[in-house]
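Asks: Sharing a structure, written as structure tokens. Questions coming.
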Amino acid sequence: MVEIYTDGASRGNPGPGGYGVVLLANGHRKELSKGFRLTTNNRMELMAVIAGLEALKKNDLDITIYSDSKYVVESVERGGVFQWDIKADFAKKKNRDLWKKFLKLYEYQNITFVWVKGHASNKENNRCDILATEAADGFELDKDEGYEKEMNIKKGMF
């Protein structure tokens, strides 16, 4: 059993952002975080989940993902993201680049999502929040390619 705690943060929406992840399995612990120069909170919430799944070295694992993002948890638990993949209107959905990545990772694991209240008494979720906000406040922030490309398309630059 693998437990993945995730959180995303954005200083403005859009603005500088980051994600934090805590992975727990078989007595081992791993923390991940990364910051981006221009992004949104929802993208960071979803990117945290993706980063946690990408860090796994095996498939067909039983995984529980804890997130305080209703956007992410409800999209999966209510099945919306799976319907988007089937319908032609998926191209109209926000963050489709990240949802496509997520769907590819999801099919190789046995994943259960659990929503947790943010900034509450969940120790690991609070740690993820610290990792995410520190990453967002960092100095060497990466480019969120998907977000910036989407914004440039909307502005007619591509």
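Going by the structure tokens order, chains are called A, B, ..., each with residues numbered from 1, while ligands are numbered from 1 in the order shown.
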Report the residues of region 24-145 of chain A whose backbone DSSP state falls under strand (DSSP E), written as a PyMOL selection string.

Replies: chain A and resi 24-25+28-39+62-67+110-115

Asks: I'd like the contact shell of Asp7 (chain A) - 8 Å cut-off, only C-alpha atoms, skipping same-chain residues fewer than 3 positions apart - returned as a VMD selection string.

Replies: chain A and resid 19 to 21 44 to 45 48 67 to 69 125 128 to 129 132

Asks: Among chain A, which residues carry a DSSP assignment of helix (DSSP H, G or I), reported as an MDAnalysis selection string?

Replies: chainID A and resid 41:54 70:77 80:86 88:92 96:106 123:136 145:154

Asks: Looking at only C-alpha atoms, which of A:Trp115, A:Gly8, A:Trp84, A:Arg127 is the one that sits closest to Leu23 (chain A)?

Replies: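 Closest to Leu23 (chain A) of all the choices is A:Arg127.
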
Asks: Ranking A:Thr6, A:Ser75, A:Asn13, A:Gln83 by minimum distance to Ala51 (chain A) and counting only C-alpha atoms, which one comes first?

Replies: A:Thr6

Asks: Do a neighbour search on Asp144 (chain A) at 8 Å with only C-alpha atoms, toss out local chain neighbours closer than 6 positions, and write the hits as an NGL selection string.

Replies: :A and (36-39)

Asks: Could you tell me which of A:Lys101, A:Lys30, A:Lys143, A:Lys93 comes closest to Gly18 (chain A) if we count only C-alpha atoms?

Replies: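 When distances to Gly18 (chain A) are compared using only C-alpha atoms, the smallest one comes from A:Lys143.
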
Asks: Could you jot down the CA of Arg11 (chain A) to CA of Ala136 (chain A) separation for me, Å, one decimal place?

Replies: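 Going from CA of Arg11 (chain A) over to CA of Ala136 (chain A), I get 7.0 Å.
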
Asks: Leaving out Tyr108 (chain A) and any residue of its chain fewer than 6 positions from it, which residues lie within 10 Å of it when counting only C-alpha atoms, given as a VMD selection string?

Replies: chain A and resid 53 58 to 61

Asks: Those same residues - C-alpha atoms - I'd like them written as a PDB file, in the first residue's frame.

Replies:
```
ATOM      1  CA  LEU A  53       2.418   8.917  -9.462  1.00  0.00           C
ATOM      2  CA  LYS A  58       6.097  -0.165 -10.200  1.00  0.00           C
ATOM      3  CA  ASN A  59       2.664  -0.611 -11.728  1.00  0.00           C
ATOM      4  CA  ASP A  60      -0.455  -2.267 -10.313  1.00  0.00           C
ATOM      5  CA  LEU A  61       0.053  -0.799  -6.850  1.00  0.00           C
TER       6      LEU A  61
END
```

Asks: So, with only C-alpha atoms as the atoms that count, which of A:Ala9, A:Val81, A:Ala135, A:Val72 lies closest to Lys104 (chain A)?

Replies: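 Selected residue with least distance to Lys104 (chain A): A:Val81.
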
Asks: If I take CA of Met47 (chain A) and CA of Leu98 (chain A), how far is one from the other in Å, to one decimal?

Replies: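 So the answer is 6.9 Å.
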
Asks: Name the closest residue to Asn26 (chain A) among the candidates A:Met1, A:Val73, A:Leu103, A:Val49; distances are taken between atoms, counting only C-alpha atoms.

Replies: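 That would be A:Met1, the residue with the smallest distance to Asn26 (chain A).
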
Asks: Determine the nearest neighbour of Glu54 (chain A) from the options A:Leu32, A:Pro16, A:Met151, A:Asn95, counting only C-alpha atoms.

Replies: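 Answer, going by the shortest atom-to-atom distance: A:Leu32.
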
Asks: What's the separation between CA of Leu56 (chain A) and CA of Glu124 (chain A), in Å to one decimal place?

Replies: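 Distance between the two atoms: 18.3 Å.
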